[in-house]
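> Sharing a structure here in structure tokens format.
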2 protein chains.
Amino acid sequence: MAITVEVISHHHKVKTTRGRLLSEVLIEAGIPLSAYCRGRGLCGQCCVEILEGILPDYQDGEHRLLAQRGFGPNHRLACLYKLQGSVRISIPESSVLEKMPILAWGAAIPPAFDPAVKKYFLELPQPELARPESWCDILKQGLKLPDPQASLDAIRALPSIWAQSEGRLTAVIHRDQDILALEPGDTTSRLFGLAVDLGTTTLIVDLVDLTSGRVLDSETALNSQAAYGADVVSRISLVFAEPGQAGRVREAVIKDLNRMTSSLLRRNGLSPEHVYEAVIAGNTAMNHLLTGAAIDSLAVAPFSPLFSALPAFPPREIGLGIHDRGRVYIAPNIKSFVGGDISAGLMASGFLDKPGPLLYLDLGTNGEIALKKDDRILVTSTAAGPAFEGMNISQGMLAVPGAVCRVEDEDGFRVFTIGDRPARGICGSGLIDLAAVCLSRGFITPAGAISRPEKRIPVAPGLSLEQKDVRELQLASAAVKSGMRMMLDAAGLKASGLKQLFIAGAFGNYLNIARAMSLGLLPSLDPAQIVFLGNASLSGARLLLLSLETRRRLESLVGGIHHFSLASQPAFQDIFIDSLEFKPWS
Amino acid sequence: MAITVEVISHHHKVKTTRGRLLSEVLIEAGIPLSAYCRGRGLCGQCCVEILEGILPDYQDGEHRLLAQRGFGPNHRLACLYKLQGSVRISIPESSVLEKMPILAWGAAIPPAFDPAVKKYFLELPQPELARPESWCDILKQGLKLPDPQASLDAIRALPSIWAQSEGRLTAVIHRDQDILALEPGDTTSRLFGLAVDLGTTTLIVDLVDLTSGRVLDSETALNSQAAYGADVVSRISLVFAEPGQAGRVREAVIKDLNRMTSSLLRRNGLSPEHVYEAVIAGNTAMNHLLTGAAIDSLAVAPFSPLFSALPAFPPREIGLGIHDRGRVYIAPNIKSFVGGDISAGLMASGFLDKPGPLLYLDLGTNGEIALKKDDRILVTSTAAGPAFEGMNISQGMLAVPGAVCRVEDEDGFRVFTIGDRPARGICGSGLIDLAAVCLSRGFITPAGAISRPEKRIPVAPGLSLEQKDVRELQLASAAVKSGMRMMLDAAGLKASGLKQLFIAGAFGNYLNIARAMSLGLLPSLDPAQIVFLGNASLSGARLLLLSLETRRRLESLVGGIHHFSLASQPAFQDIFIDSLEFKPWS
């Protein structure tokens with residue numbers, strides 16, 4: 001028989017049937033009820049006020065959870081409330097899921113807040129003579145999970161933790177299954193994770209509160225592996241030629257990450273024991289070097305990675321300084337050089353969920369491109385080189401304070417720097433602006449030659465553009481442009497047919513789209529169609545840290561993404577050479 | 001449209017429909033077709049000859065698998081053969097599953113041969129430029145498993161193994177999911193496991209061929225933990241009082257197991273790398289001591305174990321000398337002192353599958369009893385002490401050559417020894433025979449007193465029965481008898497209502513049922529209702545090693561088995577004292 005649930009707080013009325021759980025009915029009706037423990041009556045977050053209708057007796061532990069949050073006798077947990085008749089309810093604000101505070105989530109359906117690592121506080125009964133369950137079974141029953149797995153480690157630790165806390169303990173659970181650790185007392189409010197952007201040039205580590213999803217603090221550093229080569233190709237070549245160096249290259253970045261993590265923890269009054277998971281988004285080569293997997297197969301055609309998706313592994317496998325029983329998860333590599341940084345970014349941007357045709361461009365040290373047409377997704381990687389990051393440019397630098405990021409043509413060059421500091425060098429977006437202005441002024445030809453005899457263009461006091469710099473930009477730009485052109489051709493698309501162009505990478509922050517279009521680096525689109533994502537890899541790492549559902553979805557999708565091999569295209573050389581010319585797309 | 005499959009070799013004709021897999025149709029029809037790889041076309045064991053009907057083209061790898069086994073052009077793998085019309089086939093003997101060569105399988109449905117660890121030989125293609133899958137994904141695709149998980153270890157090892165073998169390699173898979181290890185070339189014929197009876201007094205290790213299920217060799221030894229106490233209670237007391245001893249007690253038995261394993265491997269020309277799994281059946285206390293889990297909770301009421309089921313773990317966790325990437329599986333403890341030795345035995349005997357009422361008795365150092373009525377199973381453990389193993393008896397000994405195992409009343413005692421050797425002592429069954437003869441002759445009273453003034457009965461030259469020995473037997477017997485009586489009472493059953501009584505334990509091998517009944521140790525039943533299982537724990541360990549399905553089933557069943565607490569029965573003291581009298585059940 002039909003009954004109704006009237007939600008006063010949300011001006012909503014739902015028809016449903018007896019016997020259903022109130023939480024399920026509310027979530028189906030589109031009310032973003034918090035469901036941290038997935039309906040097991042353990043977290044107390046889905047509390048509602050029953051204004052009219054049956055008020056059942058409290059169930060096990062329900063009263064404690066409600067009282068802890070200061071709720072009165074008319075409140076119940078929606079996930080324990082079986083509907084026996086029509087009700088009128090009100091949902092307190094604290095029971096409604098906050099929008100996940102991560103950047104750049106672009107998909108139609110926002111992911112649920114459902115971190116892979118969760119903590120549950122349990123008050124466990126002692127075994128009794130009449131029912132001598134094992135201690136571990138009592139723990140498992142308390143968790144109400146379908147198939148919890150306790151490691152020997154956790155079992156060995158159980159008695160002393162139980163004794164310390166008289167059965168009032170916190171279980172740390174991974175992927176709703178593995179009991180990673182046990183802590184005495186209620187420690188549910190202290191649970192943290194790291195989201196890591198493992199870049200070839202720069203590293204970013206975010207400290208994330210896994211109880212709220214908030215990013216608490218962030219640390220940036222240069223990747224010390226740069227000492228072994230500025231780009232992935234040179235690092236791979238080094239390790240391929242001297243396998244003995246692999247360990248040193250690996251340790252360089254692990255040391256960086258551990259130093260950054262230590263700083264974050266110190267600043268926030270935390271210790272490694274509070275951090276149970278790190279999610280790392282890096283390109284294929286960086287992921288291989290980090291995990292100690294051989295890079296040989298990346299050094300020679302067909303440049304196949306050793307692995308794409310990896311199950312989460314204990315941090316000691318790579319020497320990362322978080323909780324020893326925690327987990328490290330690496331965003332899955334897609335194919336060849338298109339790695340976890342891109343899979344994470346594609347996920348975070350909504351690219352994987354939105355209808356196409358869509359183009360995705362990530363300009364870091366490598367240039368990765370993804371094209372979506374109907375359900376088919378193609379990806380490729382171009383050896384753009386680090387010019388867009390300001391590297392290999394005479395006076396190039398990263399997009400940090402003091403870098404020229406914008407150049408205007410005002411009867412001579414007018415330069416703008418990041419943070420309005422005195423100009424110290426030029427970053428990627430500044431270089432593009434400068435080249436575009438020079439091109440329009442005729443200082444450089446469309447073929448990339450500086451027309452002045454001295455082959456140098458003074459820009460500002462102590463700052464000039466060299467012929468070599470123009471060549472670097474020209475090669476990088478041609479690599480990206482020819483990649484996009486060949487992929488569009490292969491899909492039977494024209495650039496004008498694209499719905500959106502996503503641009504990932506810090507590089508995009510200061511980019512002048514019109515200038516990039518005038519050089520041909522970007523196809524000529526309506527600027528409204530262009531979406532700047534910022535650091536989509538880092539957003540993706542955060543998303544994968546906070547949503548297990550997203551992680552599972554990404555793992556199920558990456559296998560179906562196709563690699564588009566630029567080098568095996570018959571027209572490759574022709575299109576690349578044609579793309580060397582600075583000119584807008586026709 | 002209906003089609004028919006006529007199986008000439010098995011005089012069988014099945015009606016079915018187009019589009020179904022031949023293997024499924026045959027297995028459903030009750031033909032025990034070998035299905036080692038579970039229908040993934042990898043093992044080549046389900047080959048059939050197509051006598052009449054469509055002969056499709058070979059599928060990937062099919063021809064190689066058939067050729068390897070010497071089959072001609074008319075043979076196909078049943079698991080790859082999709083029926084498109086009626087066929088007449090013949091199934092070679094080698095494609096039919098052998099009955100699993102393990103002892104004491106009593107259930108109606110024999111379990112499938114499906115070891116938890118399997119090996120598959122794969123011929124993997126190189127990645128190609130147009131399809132640069134990761135090497136690991138190529139491996140996973142080759143395995144055709146739904147969700148294979150490669151550890152970082154396996155991934156790190158992959159390149160060198162691939163290089164050594166040019167992609168012709170063997171994958172070692174655990175529970176159809178985890179890639180434990182990779183080996184170059186085809187090593188599928190060499191895969192071994194250990195079935196271990198972890199007894200309080202004796203240890204048995206069987207070396208099992210995991211490709212055929214055959215027990216190749218066996219090793220028996222005394223448990224060196226005896227130095228820390230003859231029974232579990234004294235070992236628990238010791239470790240409880242001196243926790244520092246736990247490590248030494250643990251190491252004692254690990255050393256035993258490793259020494260036994262080494263002997264087995266040496267004798268059979270194998271090395272630890274050939275052994276990928278050990279299944280251990282031991283009682284609750286032995287399992288705790290083995291795994292380094294605290295025994296404190298077993299030392300005090302309500303004697304709850306720390307764990308019941310444990311996920312399989314790497315052997316290094318306990319220091320067992322098999323393949324480092326292998327697994328150790330411990331048969332799940334049930335409740336309190338009713339451990340994995342009993343759960344394994346209940347499974348192997350068919351007790352869990354057969355209709356009740358059934359009684360199960362395992363007389364080792366402890367006496368465990370299980371009673372089944374309808375779907376309800378009760379278990380308990382009695383502190384019988386080691387008298388039935390010949391321990392704590394003046395001239396007692398294990399049931400080994402030279403032990404008196406049978407005593408006949410022929411105008412004086414006539415003793416029989418195991419192996420017809422000169423009598424060196426008396427084992428459990430000999431003690432029972434002797435006591436029964438003495439009782440009938442009036443040498444001892446039903447109350448257990450030796451009627452002769454010297455309180456000693458000479459049995460054979462140098463062998464006599466002391467008053468103390470009769471008391472030991474009396475206490476042990478009363479413990480077991482009162483346990484059975486209270487459980488039957490609680491279930492509202494009489495002994496005469498039992499369908500079967502299973503007797504597990506080496507002890508049963510030489511037991512004279514009539515004598516045991518005359519003392520009241522066993523209820524008075526028709527001897528045909530009594531099933532001697534021999535070492536059911538060891539049979540169970542072998543079964544759990546060879547059938548993953550059985551392992552899953554046991555795990556799903558143990559939780560529902562109830563513990564029957566003897567000590568909390570109000571009539572406990574009365575029934576125990578009444579049971580001290582030597583007399584048949586009334």
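Residue numbers start at 1 in each chain; chains themselves are named A, B, ... in the order of the structure tokens; ligands are numbered from 1 in the order shown.
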Residues of chain B within 7 Å of chain A, counting only C-alpha atoms - could you list those as a ChimeraX atom specification?

/B:127-137,149,155-156,292-294,301-308,311,335-336,563,565

> Could those residues be written to a file, using C-alpha atoms, as a short mmCIF file (atom, residue, chain, number, x, y, z; two decimals), in the first residue's frame?


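Listing of out19.cif after writing:
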```cif
data_model
loop_
_atom_site.label_atom_id
_atom_site.label_comp_id
_atom_site.auth_asym_id
_atom_site.auth_seq_id
_atom_site.Cartn_x
_atom_site.Cartn_y
_atom_site.Cartn_z
CA PRO B 127 52.52 -5.20 -27.07
CA GLU B 128 52.23 -3.56 -30.47
CA LEU B 129 52.65 0.01 -31.53
CA ALA B 130 49.02 0.24 -32.57
CA ARG B 131 47.86 -1.31 -29.28
CA PRO B 132 50.32 -0.49 -26.52
CA GLU B 133 48.48 -2.29 -23.69
CA SER B 134 50.49 -2.52 -20.54
CA TRP B 135 52.41 -5.77 -20.13
CA CYS B 136 50.44 -6.43 -17.01
CA ASP B 137 47.13 -5.96 -18.86
CA GLN B 149 45.09 -8.51 -9.08
CA ILE B 155 54.71 -6.61 -11.63
CA ARG B 156 58.31 -5.92 -10.77
CA GLY B 292 51.47 -15.30 17.22
CA ALA B 293 47.97 -14.23 18.30
CA ALA B 294 47.62 -13.61 22.03
CA ALA B 301 36.28 -17.48 30.83
CA PRO B 302 34.48 -17.27 28.45
CA PHE B 303 37.53 -18.70 26.61
CA SER B 304 36.83 -16.79 23.41
CA PRO B 305 39.35 -17.20 20.64
CA LEU B 306 40.84 -14.10 19.11
CA PHE B 307 39.85 -15.17 15.59
CA SER B 308 37.82 -17.81 13.83
CA PRO B 311 42.25 -14.83 5.23
CA LYS B 335 34.02 -21.30 18.86
CA SER B 336 36.00 -21.36 22.08
CA HIS B 563 28.73 -23.36 21.02
CA SER B 565 28.82 -24.51 27.09
#
```

> Run DSSP on the backbone of this structure and report the residues of stretch 87-225 of chain A it assigns to helix (DSSP H, G or I), as a count of residues only.

28

> For B:Leu538, please output as a list in words all residues within 7 Å (counting only C-alpha atoms; exclusion window: fewer than 2 positions along the same chain).

Ala195, Val196, Asp197, Ala281, Asn535, Ala536, Gly540, Ala541 and Arg542 of chain B

> To one decimal place in Å, what is the distance between atom CA of B:Ala478 and atom CA of B:Gly367?

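Those two atoms sit 10.9 Å apart.
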
> With only C-alpha atoms as the counted atoms, please give the residues lying no more than 12 Å from A:Leu194, apart from itself and same-chain residues fewer than 5 positions off, as an NGL selection string.

:A and (115 or 117 or 204-210 or 213-219 or 257-258 or 260-262 or 264-265 or 272 or 274-281 or 320-323 or 326-330 or 538-539 or 541-546)

> Quote the spacing between atom CA of B:Gly534 and atom CA of B:Gly508 in Å to one decimal place.

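Value for the atom CA of B:Gly534-atom CA of B:Gly508 distance: 6.5 Å.
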
> What's the separation between atom CA of A:Lys118 and atom CA of A:Arg190, in Å to one decimal place?

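Taking atom CA of A:Lys118 and atom CA of A:Arg190, their separation equals 10.4 Å.
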
> Would you please give, as a PyMOL selection string, all residues of stretch 128-363 of chain B that DSSP assigns to strand (DSSP E or B) based on the backbone?

chain B and resi 128+131+149-150+168-174+178-184+192-198+202-209+215-222+275-282+313+327-330+335+338+358-363

> Using the selection just defined, write its residues with C-alpha atoms as a PDB file, in the first residue's frame.


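Saved as selection-v5.pdb:
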```pdb
ATOM      1  CA  GLU B 128      52.231  -3.564 -30.469  1.00  0.00           C
ATOM      2  CA  ARG B 131      47.861  -1.312 -29.282  1.00  0.00           C
ATOM      3  CA  GLN B 149      45.087  -8.510  -9.079  1.00  0.00           C
ATOM      4  CA  ALA B 150      48.809  -8.306  -9.676  1.00  0.00           C
ATOM      5  CA  ARG B 168      55.832 -18.102 -22.619  1.00  0.00           C
ATOM      6  CA  LEU B 169      55.306 -18.075 -18.899  1.00  0.00           C
ATOM      7  CA  THR B 170      53.337 -19.661 -16.103  1.00  0.00           C
ATOM      8  CA  ALA B 171      51.151 -17.621 -13.779  1.00  0.00           C
ATOM      9  CA  VAL B 172      50.434 -18.846 -10.269  1.00  0.00           C
ATOM     10  CA  ILE B 173      46.948 -17.726  -9.231  1.00  0.00           C
ATOM     11  CA  HIS B 174      45.343 -17.741  -5.810  1.00  0.00           C
ATOM     12  CA  ASP B 178      45.602 -12.874  -7.016  1.00  0.00           C
ATOM     13  CA  ILE B 179      48.653 -13.344  -9.207  1.00  0.00           C
ATOM     14  CA  LEU B 180      51.047 -14.774  -6.622  1.00  0.00           C
ATOM     15  CA  ALA B 181      54.029 -15.291  -8.878  1.00  0.00           C
ATOM     16  CA  LEU B 182      55.228 -15.754 -12.429  1.00  0.00           C
ATOM     17  CA  GLU B 183      57.598 -18.418 -13.652  1.00  0.00           C
ATOM     18  CA  PRO B 184      59.346 -18.577 -17.046  1.00  0.00           C
ATOM     19  CA  PHE B 192      52.485 -28.692  -4.713  1.00  0.00           C
ATOM     20  CA  GLY B 193      50.793 -27.976  -1.439  1.00  0.00           C
ATOM     21  CA  LEU B 194      50.985 -29.107   2.156  1.00  0.00           C
ATOM     22  CA  ALA B 195      48.115 -30.407   4.261  1.00  0.00           C
ATOM     23  CA  VAL B 196      49.030 -30.108   7.911  1.00  0.00           C
ATOM     24  CA  ASP B 197      47.460 -31.735  10.941  1.00  0.00           C
ATOM     25  CA  LEU B 198      48.663 -29.441  13.698  1.00  0.00           C
ATOM     26  CA  THR B 202      51.520 -35.146  16.983  1.00  0.00           C
ATOM     27  CA  LEU B 203      52.111 -33.311  13.742  1.00  0.00           C
ATOM     28  CA  ILE B 204      51.440 -34.708  10.290  1.00  0.00           C
ATOM     29  CA  VAL B 205      52.422 -33.001   7.056  1.00  0.00           C
ATOM     30  CA  ASP B 206      51.198 -34.387   3.743  1.00  0.00           C
ATOM     31  CA  LEU B 207      52.837 -33.377   0.501  1.00  0.00           C
ATOM     32  CA  VAL B 208      50.057 -33.032  -2.076  1.00  0.00           C
ATOM     33  CA  ASP B 209      50.348 -32.745  -5.846  1.00  0.00           C
ATOM     34  CA  VAL B 215      49.069 -37.272  -1.628  1.00  0.00           C
ATOM     35  CA  LEU B 216      52.668 -38.021  -2.599  1.00  0.00           C
ATOM     36  CA  ASP B 217      54.282 -38.442   0.754  1.00  0.00           C
ATOM     37  CA  SER B 218      53.708 -37.841   4.418  1.00  0.00           C
ATOM     38  CA  GLU B 219      55.769 -37.030   7.472  1.00  0.00           C
ATOM     39  CA  THR B 220      54.826 -37.487  11.131  1.00  0.00           C
ATOM     40  CA  ALA B 221      56.536 -36.054  14.192  1.00  0.00           C
ATOM     41  CA  LEU B 222      55.883 -35.268  17.810  1.00  0.00           C
ATOM     42  CA  VAL B 275      55.100 -25.373  -2.704  1.00  0.00           C
ATOM     43  CA  TYR B 276      52.625 -22.524  -2.992  1.00  0.00           C
ATOM     44  CA  GLU B 277      50.158 -23.280  -0.245  1.00  0.00           C
ATOM     45  CA  ALA B 278      49.864 -24.934   3.136  1.00  0.00           C
ATOM     46  CA  VAL B 279      46.494 -25.642   4.738  1.00  0.00           C
ATOM     47  CA  ILE B 280      46.695 -26.138   8.470  1.00  0.00           C
ATOM     48  CA  ALA B 281      44.058 -27.821  10.626  1.00  0.00           C
ATOM     49  CA  GLY B 282      44.706 -27.309  14.303  1.00  0.00           C
ATOM     50  CA  PHE B 313      48.412 -15.009   4.551  1.00  0.00           C
ATOM     51  CA  ARG B 327      49.873 -18.628   1.111  1.00  0.00           C
ATOM     52  CA  VAL B 328      49.080 -20.258   4.429  1.00  0.00           C
ATOM     53  CA  TYR B 329      45.456 -21.037   5.118  1.00  0.00           C
ATOM     54  CA  ILE B 330      44.195 -21.994   8.532  1.00  0.00           C
ATOM     55  CA  LYS B 335      34.021 -21.298  18.863  1.00  0.00           C
ATOM     56  CA  VAL B 338      36.489 -26.040  19.117  1.00  0.00           C
ATOM     57  CA  LEU B 358      24.323 -36.941  13.828  1.00  0.00           C
ATOM     58  CA  LEU B 359      26.957 -37.024  16.530  1.00  0.00           C
ATOM     59  CA  TYR B 360      30.642 -36.376  15.914  1.00  0.00           C
ATOM     60  CA  LEU B 361      33.363 -37.230  18.373  1.00  0.00           C
ATOM     61  CA  ASP B 362      37.019 -36.329  18.042  1.00  0.00           C
ATOM     62  CA  LEU B 363      39.158 -37.839  20.751  1.00  0.00           C
TER      63      LEU B 363
END
```

> Find the residues around stretch 12-21 of chain A up to 8 Å (only C-alpha atoms counted), leave out those fewer than 4 positions away in its own chain, and share them as a list in words.

Met1, Ala2, Ile3, Thr4, Val5, Glu6, Val7, Ile8, Val25, Ala29, Ala78, Cys79, Leu80, Tyr81, Lys82, Leu83, Gln84 and Gly85 of chain A

> Near stretch 464-470 of chain A, counting only C-alpha atoms, which residues have an atom at most 9 Å away, once you skip same-chain residues fewer than 3 positions from it, shown as a PyMOL selection string?

chain A and resi 387+392-396+431+434-435+444+448-450+455-461+473-475
